[in-house]
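Shown here: protein-v8.pdb, PDB, C-alpha atoms.
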ATOM      1  CA  MET L   9      19.353 -14.870  -4.422
ATOM      2  CA  LEU L  10      15.715 -15.741  -4.033
ATOM      3  CA  CYS L  11      12.865 -13.751  -5.437
ATOM      4  CA  SER L  12      10.450 -14.505  -2.618
ATOM      5  CA  PRO L  13       6.723 -13.936  -2.212
ATOM      6  CA  PRO L  14       5.903 -11.196   0.301
ATOM      7  CA  VAL L  15       4.730 -12.441   3.669
ATOM      8  CA  ILE L  16       3.144 -10.117   6.228
ATOM      9  CA  ARG L  17       3.404 -11.082   9.849
ATOM     10  CA  LEU L  18       1.437  -9.357  12.606
ATOM     11  CA  ILE L  19       2.491  -9.529  16.239
ATOM     12  CA  MET L  20      -0.315  -8.623  18.619
ATOM     13  CA  ALA L  21      -0.365  -8.232  22.363
ATOM     14  CA  SER L  22      -3.771  -8.315  24.009
ATOM     15  CA  SER L  23      -2.615  -7.538  27.534
ATOM     16  CA  LEU L  24       0.423  -7.066  29.722
ATOM     17  CA  SER L  25       1.601 -10.004  31.781
ATOM     18  CA  SER L  26       4.429 -10.923  34.060
ATOM     19  CA  HIS L  27       6.164 -12.464  31.059
ATOM     20  CA  PHE L  28       5.875  -9.343  28.914
ATOM     21  CA  LEU L  29       9.525  -8.301  29.135
ATOM     22  CA  LEU L  30      10.713 -11.815  28.340
ATOM     23  CA  GLN L  31       8.362 -12.040  25.364
ATOM     24  CA  LEU L  32       9.464  -8.628  24.112
ATOM     25  CA  PHE L  33      13.107  -9.668  24.359
ATOM     26  CA  LEU L  34      12.405 -12.832  22.364
ATOM     27  CA  VAL L  35      10.542 -10.918  19.654
ATOM     28  CA  ILE L  36      13.365  -8.393  19.291
ATOM     29  CA  SER L  37      15.932 -11.211  19.128
ATOM     30  CA  ILE L  38      13.989 -12.950  16.364
ATOM     31  CA  ILE L  39      13.676  -9.749  14.356
ATOM     32  CA  GLN L  40      17.385  -8.951  14.713
ATOM     33  CA  SER L  41      18.387 -12.458  13.630
ATOM     34  CA  SER L  42      16.177 -12.339  10.527
ATOM     35  CA  SER L  43      17.973  -9.663   8.534
ATOM     36  CA  ALA L  44      17.224 -11.468   5.275
ATOM     37  CA  ALA L  45      13.532 -10.828   5.795
ATOM     38  CA  ARG L  46      13.794  -7.061   6.251
ATOM     39  CA  LYS L  47      11.385  -4.973   4.209
ATOM     40  CA  ILE L  48      12.322  -1.547   2.870
ATOM     41  CA  SER L  49       9.913   1.069   1.627
ATOM     42  CA  VAL L  50      10.596   4.393  -0.042
ATOM     43  CA  THR L  51       8.044   5.878   2.337
ATOM     44  CA  ASP L  52       9.670   4.529   5.523
ATOM     45  CA  GLN L  53      11.507   7.514   6.964
ATOM     46  CA  THR L  54      12.251   6.001  10.376
ATOM     47  CA  GLN L  55      14.214   2.899   9.407
ATOM     48  CA  GLU L  56      17.983   3.131   9.553
ATOM     49  CA  PRO L  57      19.676   3.191   6.132
ATOM     50  CA  LEU L  58      20.572  -0.240   4.785
ATOM     51  CA  LEU L  59      24.259  -0.443   3.974
ATOM     52  CA  PHE L  60      25.202  -2.820   1.186
ATOM     53  CA  GLN L  61      28.582  -4.488   1.342
ATOM     54  CA  TYR L  62      30.869  -5.282  -1.562
ATOM     55  CA  HIS L  63      32.519  -8.663  -1.038
ATOM     56  CA  ASN L  64      35.337  -8.132  -3.565
ATOM     57  CA  GLY L  65      34.008 -10.531  -6.195
ATOM     58  CA  PRO L  66      33.452  -9.849  -9.902
ATOM     59  CA  LEU L  67      30.382  -8.164 -11.348
ATOM     60  CA  LEU L  68      29.081  -8.962 -14.817
ATOM     61  CA  THR L  69      30.885  -6.866 -17.429
ATOM     62  CA  GLY L  70      31.275  -6.659 -21.192
ATOM     63  CA  GLU L  71      28.897  -8.055 -23.777
ATOM     64  CA  VAL L  72      26.719 -10.713 -22.187
ATOM     65  CA  SER L  73      24.076 -12.813 -23.924
ATOM     66  CA  ILE L  74      20.872 -13.682 -22.100
ATOM     67  CA  ASN L  75      20.011 -17.195 -23.260
ATOM     68  CA  LEU L  76      16.376 -18.182 -22.702
ATOM     69  CA  ILE L  77      15.499 -21.829 -21.982
ATOM     70  CA  TRP L  78      11.721 -22.247 -22.276
ATOM     71  CA  TYR L  79      10.564 -25.323 -20.394
ATOM     72  CA  GLY L  80       6.996 -26.369 -21.106
ATOM     73  CA  GLN L  81       4.280 -24.721 -23.137
ATOM     74  CA  PHE L  82       4.577 -21.032 -23.989
ATOM     75  CA  ARG L  83       2.817 -19.265 -26.831
ATOM     76  CA  PRO L  84       5.003 -17.241 -29.227
ATOM     77  CA  SER L  85       3.265 -14.084 -27.973
ATOM     78  CA  GLN L  86       4.308 -14.959 -24.421
ATOM     79  CA  ARG L  87       7.913 -15.567 -25.398
ATOM     80  CA  ALA L  88       7.944 -12.193 -27.150
ATOM     81  CA  ILE L  89       6.991 -10.400 -23.906
ATOM     82  CA  VAL L  90      10.185 -11.661 -22.247
ATOM     83  CA  SER L  91      12.524 -11.379 -25.232
ATOM     84  CA  ASP L  92      11.376  -7.793 -25.866
ATOM     85  CA  PHE L  93      12.096  -6.991 -22.223
ATOM     86  CA  ILE L  94      15.652  -8.336 -22.544
ATOM     87  CA  ALA L  95      16.132  -6.427 -25.794
ATOM     88  CA  SER L  96      14.969  -3.245 -24.048
ATOM     89  CA  LEU L  97      17.650  -3.370 -21.332
ATOM     90  CA  SER L  98      20.659  -2.374 -23.420
ATOM     91  CA  SER L  99      19.170  -1.617 -26.810
ATOM     92  CA  ARG L 100      21.592  -0.074 -29.302
ATOM     93  CA  LYS L 101      18.606   1.978 -30.424
ATOM     94  CA  PRO L 102      17.234   3.252 -27.110
ATOM     95  CA  THR L 103      13.512   3.719 -26.705
ATOM     96  CA  LYS L 104      12.676   7.411 -27.047
ATOM     97  CA  ALA L 105       9.628   7.180 -24.816
ATOM     98  CA  GLN L 106      10.423   7.755 -21.149
ATOM     99  CA  PRO L 107      10.658   6.391 -18.558
ATOM    100  CA  SER L 108      12.255   3.398 -20.253
ATOM    101  CA  VAL L 109      13.510  -0.074 -19.411
ATOM    102  CA  ALA L 110      17.006   1.067 -20.422
ATOM    103  CA  THR L 111      16.843   3.970 -17.956
ATOM    104  CA  TRP L 112      15.785   1.560 -15.213
ATOM    105  CA  TRP L 113      18.709  -0.758 -16.003
ATOM    106  CA  LYS L 114      21.181   2.131 -16.091
ATOM    107  CA  ALA L 115      20.643   2.515 -12.343
ATOM    108  CA  THR L 116      22.734  -0.652 -11.830
ATOM    109  CA  GLU L 117      25.779   1.309 -13.053
ATOM    110  CA  LYS L 118      25.964   2.955  -9.631
ATOM    111  CA  TYR L 119      27.238  -0.346  -8.244
ATOM    112  CA  TYR L 120      29.959  -0.491 -10.874
ATOM    113  CA  ASN L 121      31.000   3.086 -10.180
ATOM    114  CA  LEU L 122      31.817   2.127  -6.594
ATOM    115  CA  VAL L 123      34.131  -0.701  -7.663
ATOM    116  CA  LYS L 124      37.611   0.251  -8.778
ATOM    117  CA  THR L 125      38.339  -2.231 -11.546
ATOM    118  CA  LYS L 126      40.876  -1.908 -14.311
ATOM    119  CA  ASN L 127      40.132  -2.500 -17.990
ATOM    120  CA  SER L 128      36.518  -3.544 -17.374
ATOM    121  CA  SER L 129      34.004  -2.962 -20.130
ATOM    122  CA  PRO L 130      30.496  -1.640 -19.477
ATOM    123  CA  LEU L 131      27.829  -4.343 -19.230
ATOM    124  CA  LEU L 132      25.843  -4.706 -22.453
ATOM    125  CA  LEU L 133      23.059  -7.285 -22.470
ATOM    126  CA  SER L 134      21.442  -8.818 -25.540
ATOM    127  CA  VAL L 135      19.030 -11.632 -26.364
ATOM    128  CA  GLY L 136      21.034 -14.774 -27.047
ATOM    129  CA  THR L 137      19.951 -18.284 -27.980
ATOM    130  CA  GLN L 138      16.412 -19.437 -27.236
ATOM    131  CA  VAL L 139      15.961 -23.136 -26.422
ATOM    132  CA  LEU L 140      12.488 -24.692 -26.498
ATOM    133  CA  ASP L 141      11.794 -27.774 -24.384
ATOM    134  CA  GLU L 142       8.090 -28.239 -25.036
ATOM    135  CA  SER L 143       8.146 -31.990 -24.374
ATOM    136  CA  TYR L 144       8.958 -31.619 -20.641
ATOM    137  CA  SER L 145      12.152 -33.684 -20.982
ATOM    138  CA  LEU L 146      12.618 -33.837 -17.208
ATOM    139  CA  GLY L 147       8.941 -34.158 -16.303
ATOM    140  CA  LYS L 148       6.582 -31.663 -14.725
ATOM    141  CA  SER L 149       8.071 -31.644 -11.233
ATOM    142  CA  LEU L 150      11.601 -30.285 -11.076
ATOM    143  CA  SER L 151      14.230 -30.208  -8.345
ATOM    144  CA  ASN L 152      16.729 -27.400  -7.908
ATOM    145  CA  LYS L 153      19.390 -29.704  -9.336
ATOM    146  CA  GLN L 154      17.306 -30.196 -12.472
ATOM    147  CA  ILE L 155      16.948 -26.428 -12.870
ATOM    148  CA  VAL L 156      20.749 -26.202 -13.025
ATOM    149  CA  GLN L 157      20.730 -29.081 -15.503
ATOM    150  CA  LEU L 158      18.343 -27.148 -17.736
ATOM    151  CA  ALA L 159      20.380 -23.962 -17.346
ATOM    152  CA  SER L 160      23.402 -25.863 -18.661
ATOM    153  CA  LYS L 161      21.671 -26.205 -22.034
ATOM    154  CA  GLY L 162      22.591 -22.622 -22.861
ATOM    155  CA  GLY L 163      26.078 -21.412 -23.756
ATOM    156  CA  GLN L 164      28.222 -20.653 -20.732
ATOM    157  CA  LYS L 165      30.733 -18.155 -22.104
ATOM    158  CA  ASP L 166      29.815 -14.496 -21.604
ATOM    159  CA  ALA L 167      26.235 -15.482 -20.909
ATOM    160  CA  VAL L 168      23.466 -15.711 -18.340
ATOM    161  CA  ASN L 169      21.159 -18.675 -18.867
ATOM    162  CA  VAL L 170      17.545 -18.059 -17.901
ATOM    163  CA  VAL L 171      15.224 -21.032 -17.323
ATOM    164  CA  LEU L 172      11.531 -20.176 -17.604
ATOM    165  CA  THR L 173       9.031 -22.854 -16.539
ATOM    166  CA  SER L 174       5.420 -22.902 -17.708
ATOM    167  CA  SER L 175       2.385 -22.665 -15.455
ATOM    168  CA  ASP L 176       1.899 -26.456 -15.286
ATOM    169  CA  VAL L 177       5.422 -27.169 -14.012
ATOM    170  CA  ALA L 178       6.103 -27.551 -10.290
ATOM    171  CA  VAL L 179       9.552 -26.568  -9.039
ATOM    172  CA  GLU L 180      11.092 -27.298  -5.666
ATOM    173  CA  GLY L 181      10.235 -24.417  -3.339
ATOM    174  CA  PHE L 182       8.080 -22.614  -5.923
ATOM    175  CA  CYS L 183       5.262 -20.616  -4.308
ATOM    176  CA  SER L 184       6.066 -21.841  -0.802
ATOM    177  CA  SER L 185       9.355 -19.973  -0.473
ATOM    178  CA  LYS L 186      10.308 -18.434  -3.806
ATOM    179  CA  CYS L 187       9.083 -17.143  -7.162
ATOM    180  CA  GLY L 188      12.461 -17.512  -8.822
ATOM    181  CA  THR L 189      16.134 -17.635  -8.015
ATOM    182  CA  HIS L 190      19.583 -16.981  -9.430
ATOM    183  CA  GLY L 191      22.893 -18.664  -8.849
ATOM    184  CA  SER L 192      25.986 -20.002 -10.529
ATOM    185  CA  SER L 193      27.330 -23.386 -11.540
ATOM    186  CA  VAL L 194      30.480 -24.860 -13.044
ATOM    187  CA  SER L 195      30.341 -25.370 -16.783
ATOM    188  CA  PRO L 196      30.052 -29.075 -17.700
ATOM    189  CA  GLN L 197      32.307 -28.436 -20.671
ATOM    190  CA  LYS L 198      35.782 -26.954 -20.744
ATOM    191  CA  ILE L 199      36.267 -23.551 -22.335
ATOM    192  CA  ASN L 200      39.847 -22.898 -23.463
ATOM    193  CA  GLY L 201      40.889 -25.971 -21.494
ATOM    194  CA  LYS L 202      39.264 -24.811 -18.269
ATOM    195  CA  ARG L 203      35.926 -25.260 -16.547
ATOM    196  CA  SER L 204      34.475 -21.919 -15.616
ATOM    197  CA  LYS L 205      31.496 -20.672 -13.662
ATOM    198  CA  PHE L 206      28.386 -19.424 -15.391
ATOM    199  CA  ALA L 207      25.434 -17.523 -13.975
ATOM    200  CA  TYR L 208      21.861 -18.688 -14.306
ATOM    201  CA  ILE L 209      18.338 -17.578 -13.377
ATOM    202  CA  TRP L 210      15.105 -19.485 -12.950
ATOM    203  CA  VAL L 211      11.617 -17.930 -12.960
ATOM    204  CA  GLY L 212       8.304 -19.795 -12.927
ATOM    205  CA  ASN L 213       4.922 -18.844 -14.375
ATOM    206  CA  SER L 214       2.708 -18.599 -11.291
ATOM    207  CA  GLU L 215      -0.594 -17.905 -13.082
ATOM    208  CA  THR L 216      -2.313 -21.156 -12.073
ATOM    209  CA  GLN L 217      -0.265 -22.068  -8.999
ATOM    210  CA  CYS L 218       0.240 -18.957  -6.859
ATOM    211  CA  PRO L 219      -0.481 -15.650  -8.636
ATOM    212  CA  GLY L 220      -1.341 -14.028  -5.319
ATOM    213  CA  GLN L 221       2.218 -14.636  -4.185
ATOM    214  CA  CYS L 222       4.312 -14.333  -7.342
ATOM    215  CA  ALA L 223       2.256 -12.187  -9.745
ATOM    216  CA  TRP L 224       1.279  -9.308  -7.452
ATOM    217  CA  PRO L 225       0.376  -6.518  -8.178
ATOM    218  CA  PHE L 226      -1.489  -8.060 -11.132
ATOM    219  CA  HIS L 227      -3.419 -10.451  -8.893
ATOM    220  CA  GLN L 228      -5.076 -10.158  -5.501
ATOM    221  CA  PRO L 229      -2.473 -10.868  -2.794
ATOM    222  CA  ILE L 230      -2.890 -13.778  -0.417
ATOM    223  CA  TYR L 231      -1.734 -11.730   2.578
ATOM    224  CA  GLY L 232      -2.091  -8.124   3.627
ATOM    225  CA  PRO L 233      -4.271  -5.295   2.308
ATOM    226  CA  GLN L 234      -6.695  -6.472  -0.381
ATOM    227  CA  ASN L 235      -6.478  -3.631  -2.882
ATOM    228  CA  ALA L 236      -7.770  -4.282  -6.391
ATOM    229  CA  PRO L 237      -5.132  -5.873  -8.668
ATOM    230  CA  LEU L 238      -3.624  -3.809 -11.465
ATOM    231  CA  VAL L 239      -4.251  -4.489 -15.136
ATOM    232  CA  ALA L 240      -1.150  -6.227 -16.510
ATOM    233  CA  PRO L 241       0.624  -4.104 -19.163
ATOM    234  CA  ASN L 242       0.878  -7.004 -21.639
ATOM    235  CA  ASN L 243      -2.508  -8.471 -20.715
ATOM    236  CA  ASP L 244      -0.923 -11.615 -19.280
ATOM    237  CA  VAL L 245      -0.876 -11.908 -15.483
ATOM    238  CA  GLY L 246       1.529 -14.857 -15.507
ATOM    239  CA  LEU L 247       4.066 -13.432 -17.964
ATOM    240  CA  ASP L 248       3.943  -9.871 -16.646
ATOM    241  CA  GLY L 249       4.555 -11.335 -13.197
ATOM    242  CA  MET L 250       7.488 -13.299 -14.593
ATOM    243  CA  VAL L 251       8.999 -10.100 -16.017
ATOM    244  CA  VAL L 252       8.831  -8.416 -12.605
ATOM    245  CA  ASN L 253      10.650 -11.357 -11.005
ATOM    246  CA  LEU L 254      13.102 -11.718 -13.877
ATOM    247  CA  ALA L 255      13.966  -8.016 -13.678
ATOM    248  CA  SER L 256      14.673  -8.335  -9.965
ATOM    249  CA  LEU L 257      16.846 -11.412 -10.470
ATOM    250  CA  LEU L 258      18.751  -9.889 -13.403
ATOM    251  CA  ALA L 259      19.701  -6.898 -11.254
ATOM    252  CA  GLY L 260      20.866  -9.314  -8.552
ATOM    253  CA  THR L 261      22.787 -11.402 -11.070
ATOM    254  CA  ALA L 262      24.610  -8.411 -12.565
ATOM    255  CA  THR L 263      25.725  -7.063  -9.194
ATOM    256  CA  ASN L 264      26.181 -10.379  -7.364
ATOM    257  CA  PRO L 265      26.676 -13.129  -9.970
ATOM    258  CA  PHE L 266      28.845 -15.497  -7.921
ATOM    259  CA  GLU L 267      27.773 -14.857  -4.308
ATOM    260  CA  ASN L 268      30.661 -12.479  -3.644
ATOM    261  CA  GLY L 269      29.504  -9.212  -5.185
ATOM    262  CA  TYR L 270      27.108  -6.664  -3.679
ATOM    263  CA  PHE L 271      24.655  -7.853  -1.044
ATOM    264  CA  GLN L 272      23.655  -7.435   2.568
ATOM    265  CA  GLY L 273      23.055 -10.234   5.050
ATOM    266  CA  PRO L 274      23.961 -13.935   4.712
ATOM    267  CA  LYS L 275      24.985 -15.044   1.229
ATOM    268  CA  GLU L 276      22.518 -17.949   1.436
ATOM    269  CA  ALA L 277      19.617 -15.469   1.645
ATOM    270  CA  PRO L 278      21.018 -12.064   0.700
ATOM    271  CA  LEU L 279      19.305  -8.768   0.089
ATOM    272  CA  GLU L 280      20.364  -7.616  -3.366
ATOM    273  CA  ALA L 281      19.818  -4.685  -5.716
ATOM    274  CA  ALA L 282      16.076  -5.282  -6.189
ATOM    275  CA  SER L 283      15.137  -7.735  -3.436
ATOM    276  CA  ALA L 284      16.053  -5.037  -0.898
ATOM    277  CA  CYS L 285      13.040  -3.052  -2.096
ATOM    278  CA  PRO L 286      10.114  -5.523  -2.113
ATOM    279  CA  GLY L 287       6.706  -4.326  -3.243
ATOM    280  CA  VAL L 288       7.956  -0.904  -4.380
ATOM    281  CA  TYR L 289       7.341   0.093  -8.011
ATOM    282  CA  ALA L 290       6.750   3.845  -7.876
ATOM    283  CA  LYS L 291       6.701   6.762  -5.469
ATOM    284  CA  GLY L 292       3.995   6.597  -2.831
ATOM    285  CA  ALA L 293       4.268   2.824  -2.398
ATOM    286  CA  TYR L 294       3.240   1.218   0.865
ATOM    287  CA  PRO L 295       2.311  -2.349   1.877
ATOM    288  CA  GLY L 296      -0.406  -3.523  -0.490
ATOM    289  CA  TYR L 297       0.006  -0.544  -2.834
ATOM    290  CA  ALA L 298       2.592  -0.666  -5.628
ATOM    291  CA  GLY L 299       2.903   3.111  -5.933
ATOM    292  CA  ASP L 300       1.662   5.844  -8.243
ATOM    293  CA  LEU L 301       2.175   4.026 -11.536
ATOM    294  CA  LEU L 302       1.330   5.341 -14.974
ATOM    295  CA  VAL L 303      -1.894   4.104 -16.562
ATOM    296  CA  ASP L 304      -2.463   3.462 -20.268
ATOM    297  CA  SER L 305      -5.471   5.547 -21.263
ATOM    298  CA  THR L 306      -6.622   2.946 -23.806
ATOM    299  CA  THR L 307      -6.164  -0.356 -21.985
ATOM    300  CA  GLY L 308      -6.233   0.783 -18.367
ATOM    301  CA  ALA L 309      -3.014  -1.153 -17.777
ATOM    302  CA  SER L 310      -0.471   0.079 -15.241
ATOM    303  CA  TYR L 311       3.198   0.491 -16.135
ATOM    304  CA  ASN L 312       6.339   2.410 -15.249
ATOM    305  CA  ALA L 313       8.653   1.677 -18.179
ATOM    306  CA  HIS L 314       8.554   1.727 -21.977
ATOM    307  CA  GLY L 315      10.328  -0.984 -23.950
ATOM    308  CA  VAL L 316      11.079  -1.850 -27.567
ATOM    309  CA  ASN L 317       8.284  -2.628 -30.019
ATOM    310  CA  GLY L 318       5.857  -0.446 -28.109
ATOM    311  CA  ARG L 319       6.007  -2.616 -24.990
ATOM    312  CA  LYS L 320       5.175  -1.403 -21.501
ATOM    313  CA  TYR L 321       6.349  -3.048 -18.292
ATOM    314  CA  VAL L 322       6.178  -2.769 -14.524
ATOM    315  CA  LEU L 323       9.686  -2.933 -13.034
ATOM    316  CA  PRO L 324      10.763  -3.007  -9.378
ATOM    317  CA  ALA L 325      12.581  -0.301  -7.469
ATOM    318  CA  LEU L 326      16.352  -0.718  -7.206
ATOM    319  CA  PHE L 327      18.439  -0.061  -4.147
ATOM    320  CA  ASP L 328      20.699   2.947  -4.705
ATOM    321  CA  PRO L 329      24.056   2.218  -2.998
ATOM    322  CA  SER L 330      25.069   5.886  -3.120
ATOM    323  CA  THR L 331      22.053   7.085  -1.111
ATOM    324  CA  SER L 332      21.059   3.846   0.688
ATOM    325  CA  THR L 333      17.465   4.279  -0.476
ATOM    326  CA  CYS L 334      15.105   2.531  -2.877
ATOM    327  CA  SER L 335      14.993   4.353  -6.202
ATOM    328  CA  THR L 336      12.046   4.215  -8.609
ATOM    329  CA  LEU L 337      11.622   5.323 -12.215
ATOM    330  CA  ILE L 338       8.586   7.450 -11.394
TER     331      ILE L 338
END

Now that the file is in, can you turn its structure into structure tokens?
Amino acid sequence: MLCSPPVIRLIMASSLSSHFLLQLFLVISIIQSSSAARKISVTDQTQEPLLFQYHNGPLLTGEVSINLIWYGQFRPSQRAIVSDFIASLSSRKPTKAQPSVATWWKATEKYYNLVKTKNSSPLLLSVGTQVLDESYSLGKSLSNKQIVQLASKGGQKDAVNVVLTSSDVAVEGFCSSKCGTHGSSVSPQKINGKRSKFAYIWVGNSETQCPGQCAWPFHQPIYGPQNAPLVAPNNDVGLDGMVVNLASLLAGTATNPFENGYFQGPKEAPLEAASACPGVYAKGAYPGYAGDLLVDSTTGASYNAHGVNGRKYVLPALFDPSTSTCSTLI
């Protein structure tokens, strides 16, 4: 449920010793016990296929509003980048230009096709209510509990509430262990006499705090190969990075909204539809290289998906449960 910054670890052995076999055994044990940290690449032909498990819980279905809770200072142009992305997912007037955001999102239907549910409606997302909290009502340093508190400001019926924090807001675990997260909470108010669960997402703007961790490939990475960063498609490193993380978390929310849907590994740190394919955005991707993305001939910006209002975005690969591989738009 975490959208985590990539971390590259190198294990080196300078010479053989009498303890070599013991050390090798320990290394293998650590790797086997850290399934949540596995990395998958479309170019890795030697790794065994990753098998996702369905844990018999509900997936998001029907018409669902994506409510946006803006915490801190965001310019209207920045808010439009995110709201246009949401509008592009299930637009009633699909973008004619391909590849599109809607085509990318349609790949999540493969999860639904594997679940035999009766009378379930196709998932249709739309932009819901937008809440502005520009006065930092809870301060500029937030705990995970306060993120849930903010998420509760949006409607909880047939909705996913997305909390977006500005670049000057610190959040527990931000940059050190995560770029965003998704989860669920019990509605503080009763709906039809009952308290129900609602899904929420949090994503932070990393532009001034940790762009090398949470806004790659639009910023030089802190670890690994130091390839030149890509030009952000909307000319905003922080917001374009947020869209990448939000896209990943939305795919995870749709297919695993309440910790009992589709995932692999422990539910506290699961691999989900997009987090199973870290750092992969197009064919030819490898560590430090996002893949063979399209390039706008006018701006030089990289992208792999067209959205509404002439928008372009970079969206992550999604794990295809029918082939057990990472699937990209291009």

Review point. Contacts of Phe182 (chain L) at 10 Å or less, counting all atoms listed in the file, minus same-chain residues fewer than 3 places along, as a list in words?
Key: Ser12, Pro13, Leu150, Val177, Ala178, Val179, Ser185, Lys186, Cys187, Gly188, Thr189, Val211, Gly212, Asn213, Ser214, Gln217, Cys218 and Cys222 of chain L

Check your understanding: Interatomic distance between CA of Asn312 (chain L) and CA of Tyr119 (chain L)?
Key -> 22.2 Å

Review point. What is the distance between CA of Pro286 (chain L) and CA of Ala325 (chain L), in Å to one decimal?
Key: 7.9 Å

Point to revise | 6 Å contact set for region 252-261 of chain L, all atoms listed in the file, chain neighbours under 6 positions out, as a list of chain:residue names | key: L:Glu280, L:Ala281, L:Ala282, L:Leu323

Point to revise | Which of L:Ile209, L:Ile155, L:Ile89, L:Ala262 sits closest to Leu67 (chain L) [using all atoms listed in the file] | key: L:Ala262

Exercise for review: Quote the spacing between CA of Leu140 (chain L) and CA of Gly315 (chain L) in Å to one decimal place.
Suggested key: 23.9 Å

**Study point:** Nearest to Pro225 (chain L), chosen from L:Ala277, L:Leu158, L:Leu131, L:Val322, with all atoms listed in the file counted in the distances
**Key:** L:Val322

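Residue nearest Ala167 (chain L), chosen from L:Ser73, L:Gln138, L:Ser99, L:Ser129 and counting only C-alpha atoms: L:Ser73.
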
Can you write out as CSV which residues of region 263-297 of chain L fall within 12 Å of region 191-208 of chain L, alongside each residue's closest atom pair and its distance in Å to one decimal, counting only C-alpha atoms and ordering rows by chain and ascending residue number?
residue,atom,partner,partner_atom,distance
L:Thr263,CA,L:Ala207,CA,11.5
L:Asn264,CA,L:Gly191,CA,9.0
L:Pro265,CA,L:Ala207,CA,6.1
L:Phe266,CA,L:Ser192,CA,5.9
L:Glu267,CA,L:Gly191,CA,7.7
L:Asn268,CA,L:Gly191,CA,11.2
L:Lys275,CA,L:Gly191,CA,10.9
L:Glu276,CA,L:Gly191,CA,10.3
L:Ala277,CA,L:Gly191,CA,11.4
L:Pro278,CA,L:Gly191,CA,11.8

Exercise for review: Determine the residue membership of the PyMOL selection byres ((chain L and resi 290) around 10) for the file above and supply it as a PyMOL selection string.
Suggested key: chain L and resi 50+287-289+291-294+297-302+311-312+322-325+334-338

I'd like the neighbourhood of Thr216 (chain L) as a PDB file with C-alpha atoms, in the coordinates of the input, where a residue qualifies if any of its atoms comes within 12 Å (using all atoms listed in the file), though same-chain residues fewer than 4 positions away should be ignored.
ATOM      1  CA  SER L 174       5.420 -22.902 -17.708  1.00  0.00           C
ATOM      2  CA  SER L 175       2.385 -22.665 -15.455  1.00  0.00           C
ATOM      3  CA  ASP L 176       1.899 -26.456 -15.286  1.00  0.00           C
ATOM      4  CA  VAL L 177       5.422 -27.169 -14.012  1.00  0.00           C
ATOM      5  CA  ALA L 178       6.103 -27.551 -10.290  1.00  0.00           C
ATOM      6  CA  CYS L 183       5.262 -20.616  -4.308  1.00  0.00           C
ATOM      7  CA  GLY L 212       8.304 -19.795 -12.927  1.00  0.00           C
ATOM      8  CA  GLY L 220      -1.341 -14.028  -5.319  1.00  0.00           C
ATOM      9  CA  GLN L 221       2.218 -14.636  -4.185  1.00  0.00           C
ATOM     10  CA  CYS L 222       4.312 -14.333  -7.342  1.00  0.00           C
ATOM     11  CA  ALA L 223       2.256 -12.187  -9.745  1.00  0.00           C
ATOM     12  CA  HIS L 227      -3.419 -10.451  -8.893  1.00  0.00           C
ATOM     13  CA  VAL L 245      -0.876 -11.908 -15.483  1.00  0.00           C
ATOM     14  CA  GLY L 246       1.529 -14.857 -15.507  1.00  0.00           C
ATOM     15  CA  LEU L 247       4.066 -13.432 -17.964  1.00  0.00           C
TER      16      LEU L 247
END

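Residues surrounding Tyr62 (chain L) within 7 Å are Phe60, Asn64, Gly269, Tyr270 and Phe271 of chain L [all atoms listed in the file; sequence separation below 2 positions excluded].
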
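Contact shell of Arg319 (chain L) at 9 Å (all atoms listed in the file; same-chain neighbours under 3 positions omitted): L:Ile89, L:Asp92, L:Phe93, L:Pro241, L:Asn242, L:Ala313, L:His314, L:Gly315, L:Val316.
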
Please produce a file of the residues just selected, as an mmCIF file, in the coordinates of the input, where the atoms kept are C-alpha atoms.
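Ended up saving to again11.cif:
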data_model
loop_
_atom_site.group_PDB
_atom_site.id
_atom_site.type_symbol
_atom_site.label_atom_id
_atom_site.label_comp_id
_atom_site.auth_asym_id
_atom_site.auth_seq_id
_atom_site.Cartn_x
_atom_site.Cartn_y
_atom_site.Cartn_z
ATOM 1 C CA ILE L 89 6.991 -10.400 -23.906
ATOM 2 C CA ASP L 92 11.376 -7.793 -25.866
ATOM 3 C CA PHE L 93 12.096 -6.991 -22.223
ATOM 4 C CA PRO L 241 0.624 -4.104 -19.163
ATOM 5 C CA ASN L 242 0.878 -7.004 -21.639
ATOM 6 C CA ALA L 313 8.653 1.677 -18.179
ATOM 7 C CA HIS L 314 8.554 1.727 -21.977
ATOM 8 C CA GLY L 315 10.328 -0.984 -23.950
ATOM 9 C CA VAL L 316 11.079 -1.850 -27.567
#

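In terms of minimum interatomic distance to Glu117 (chain L), L:Pro130 ranks closest within L:Pro219, L:Pro130, L:Pro102, L:Gly163, counting all atoms listed in the file.
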
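Of the residues under consideration (L:Leu97, L:Leu279, L:Leu76, L:Leu146), L:Leu97 shows the shortest atom-to-atom contact distance to Trp112 (chain L) when counting only C-alpha atoms.
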
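Residues lying at most 12 Å from (11.7, -30.8, -20.5) in file coordinates, with only C-alpha atoms considered, are Ile77, Trp78, Tyr79, Gly80, Gln81, Val139, Leu140, Asp141, Glu142, Ser143, Tyr144, Ser145, Leu146, Gly147, Lys148, Ser149, Leu150, Gln154, Ile155, Gln157, Leu158, Ala159, Lys161, Val171, Leu172, Thr173, Ser174, Asp176 and Val177 of chain L.
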
Practice item. Name the residues captured by the PyMOL selection byres ((chain L and resi 71) around 6) when it is applied to the shown file; answer as a PyMOL selection string. Key: chain L and resi 70+72+131-132

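Closest approach to Val168 (chain L) from the set L:Asn152, L:Pro84, L:Ala110, L:Leu68 is made by L:Leu68, with distances taken over all atoms listed in the file.
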